[in-house]
Amino acid sequence: MSDRPSPSRRQAARLAAVQALYQWQEGQHGPAEIIEQFLGVRTGETGEGGMRRDADRPLFKDVVEGTTQHKEELEQTVSSALAEDWTWARVDRLVRAILLAGAYELVHRRDVPPRVAINEYVEIAHAFYDQGEPSFINSVLDRVAHQVRPAELVK
C-alpha cells in the first residue's frame, strides 16, 4: 500500500470483503467458510490476506454474503455498464471482486450514498493498482449508479 491514510473501520471492512470475494471466486470455498476464516482466523493479520481487528464486521459480512447471493444479478448489472468492447470474462478477477462489491452496495445498500460507495471502491482499487484500473472501476461503478440510483446523483 502507498502513503495513504489508514482506512476507517468501514473501509477496512470493504477491503477485507473484496479480498474474501477474490478468494471466493477461486471456487474452493463457499462464502460462509470464507467469512468464518476472515472473522475467526484472519482478523488481526497484516497484509493482503488479513482483516483489521477494528473492521466493521457486520458490514464485511453483509457485503460478502449479499454479493455472493446476488452474483448473477450483479454480474449482469456490471456487464451492462462495461464499454461495448469489454466483456465480463475479460475483467481481471480482483477488479471483478471490487466491481461486484461496489455494485452490491449501489443496488442493495440504500443506506450508503452512491458517491460514497463509488469512492470507497475506487480507493480500494488504488491499494492494489497504480495504472488505469481505478479509473476503469470509477467509470463502471458510476454507470451502475446512474442505472440503479439516478435520482440520488442529480446535482
# chains A, B, ... in the order shown; residues from 1 in each chain; ligands from 1

$ closest_atom_pairs --of "range 112-132 of chain A" --to "range 96-100 of chain A" --cutoff "9 Å" --atoms "only C-alpha atoms" --output "Markdown table"
| residue | atom | partner | partner_atom | distance |
| --- | --- | --- | --- | --- |
| A:Tyr121 | CA | A:Ile98 | CA | 6.3 |
| A:Val122 | CA | A:Ile98 | CA | 8.4 |
| A:Ile124 | CA | A:Ile98 | CA | 7.7 |
| A:Ala125 | CA | A:Ile98 | CA | 7.3 |

$ residues_around --residues "Ser139 in chain A" --least-positions-apart "3" --cutoff "12 Å" --atoms "only C-alpha atoms" --output "list in words"
Val78, Ala81, Leu82, Ala83, Leu99, Gly102, Arg115, Ile118, Asn119, Tyr121, Val122, Gly132, Glu133, Pro134, Ser135, Phe136, Asp142, Arg143, Val144, Ala145 and His146 of chain A

$ write_last_selection --atoms "C-alpha atoms" --output "compact mmCIF listing (two decimals), in the first residue's frame"
# COMPACT_ATOMS: atom_id res chain seq x y z
CA VAL A 78 -21.93 -4.57 -14.13
CA ALA A 81 -22.15 -0.88 -17.58
CA LEU A 82 -18.97 -2.05 -19.34
CA ALA A 83 -17.84 -0.36 -22.54
CA LEU A 99 -16.90 -4.20 -9.06
CA GLY A 102 -19.37 -1.91 -5.27
CA ARG A 115 -20.88 8.60 -4.40
CA ILE A 118 -18.04 4.55 -5.62
CA ASN A 119 -15.29 6.45 -3.82
CA TYR A 121 -14.20 1.04 -4.01
CA VAL A 122 -12.02 3.33 -6.12
CA GLY A 132 -5.76 2.52 -15.19
CA GLU A 133 -7.79 0.11 -13.06
CA PRO A 134 -9.03 2.70 -10.50
CA SER A 135 -10.33 4.92 -13.34
CA PHE A 136 -11.94 1.90 -15.02
CA ASP A 142 -20.58 5.47 -11.93
CA ARG A 143 -22.56 3.96 -14.82
CA VAL A 144 -24.08 1.38 -12.47
CA ALA A 145 -25.08 4.15 -10.05
CA HIS A 146 -26.71 6.11 -12.85

$ closest_atom_pairs --of "range 57-136 of chain A" --to "range 34-39 of chain A" --cutoff "10 Å" --atoms "only C-alpha atoms" --output "tab-separated table"
residue	atom	partner	partner_atom	distance
A:Arg57	CA	A:Leu39	CA	7.6
A:Phe60	CA	A:Ile35	CA	8.3
A:Lys61	CA	A:Ile35	CA	6.6
A:Asp62	CA	A:Ile35	CA	9.9
A:Val64	CA	A:Ile35	CA	7.4
A:Glu65	CA	A:Ile35	CA	8.3

$ write_last_selection --atoms "N, CA and C atoms" --output "PDB file, in the first residue's frame"
ATOM      1  N   ARG A  57     -17.351  -5.454  11.237  1.00  0.00           N
ATOM      2  CA  ARG A  57     -17.660  -6.843  10.928  1.00  0.00           C
ATOM      3  C   ARG A  57     -19.040  -7.048  10.292  1.00  0.00           C
ATOM      4  N   PHE A  60     -18.713  -6.058   6.681  1.00  0.00           N
ATOM      5  CA  PHE A  60     -17.925  -7.082   5.978  1.00  0.00           C
ATOM      6  C   PHE A  60     -18.809  -8.270   5.615  1.00  0.00           C
ATOM      7  N   LYS A  61     -19.509  -8.794   6.622  1.00  0.00           N
ATOM      8  CA  LYS A  61     -20.333  -9.981   6.424  1.00  0.00           C
ATOM      9  C   LYS A  61     -21.454  -9.705   5.425  1.00  0.00           C
ATOM     10  N   ASP A  62     -22.098  -8.539   5.535  1.00  0.00           N
ATOM     11  CA  ASP A  62     -23.189  -8.202   4.631  1.00  0.00           C
ATOM     12  C   ASP A  62     -22.704  -8.097   3.187  1.00  0.00           C
ATOM     13  N   VAL A  64     -20.058  -9.477   1.744  1.00  0.00           N
ATOM     14  CA  VAL A  64     -19.673 -10.790   1.204  1.00  0.00           C
ATOM     15  C   VAL A  64     -20.922 -11.649   0.961  1.00  0.00           C
ATOM     16  N   GLU A  65     -21.787 -11.753   1.960  1.00  0.00           N
ATOM     17  CA  GLU A  65     -22.995 -12.577   1.788  1.00  0.00           C
ATOM     18  C   GLU A  65     -23.897 -12.030   0.685  1.00  0.00           C
TER      19      GLU A  65
END

$ atom_distance --atom1 "CA of His126 in chain A" --atom2 "CA of Gln28 in chain A"
27.1 Å

$ residues_around --residues "Ala13 in chain A" --least-positions-apart "3" --cutoff "9 Å" --atoms "only C-alpha atoms" --output "VMD selection string"
chain A and resid 8 to 10 16 to 18 51 to 52 54 to 61 63

$ select_by_dssp --residues "range 73-118 of chain A" --states "alpha helix (DSSP H)" --output "number ranges by chain"
A: 73-81, 93-108, 114-118

$ residues_around --residues "Ser80 in chain A" --least-positions-apart "4" --cutoff "12 Å" --atoms "only C-alpha atoms" --output "list in words"
Glu73, Leu74, Glu75, Gln76, Glu84, Asp85, Trp86, Thr87, Trp88, Ala103, Val140, Leu141, Arg143, Val144, Ala145, His146, Gln147 and Val148 of chain A

$ atom_distance --atom1 "CA of Leu94 in chain A" --atom2 "CA of Arg110 in chain A"
24.4 Å

$ closest_residue --among "A:Gln131, A:Gln69, A:Val112, A:Gln11" --to "Gly30 in chain A" --atoms "only C-alpha atoms"
A:Gln69
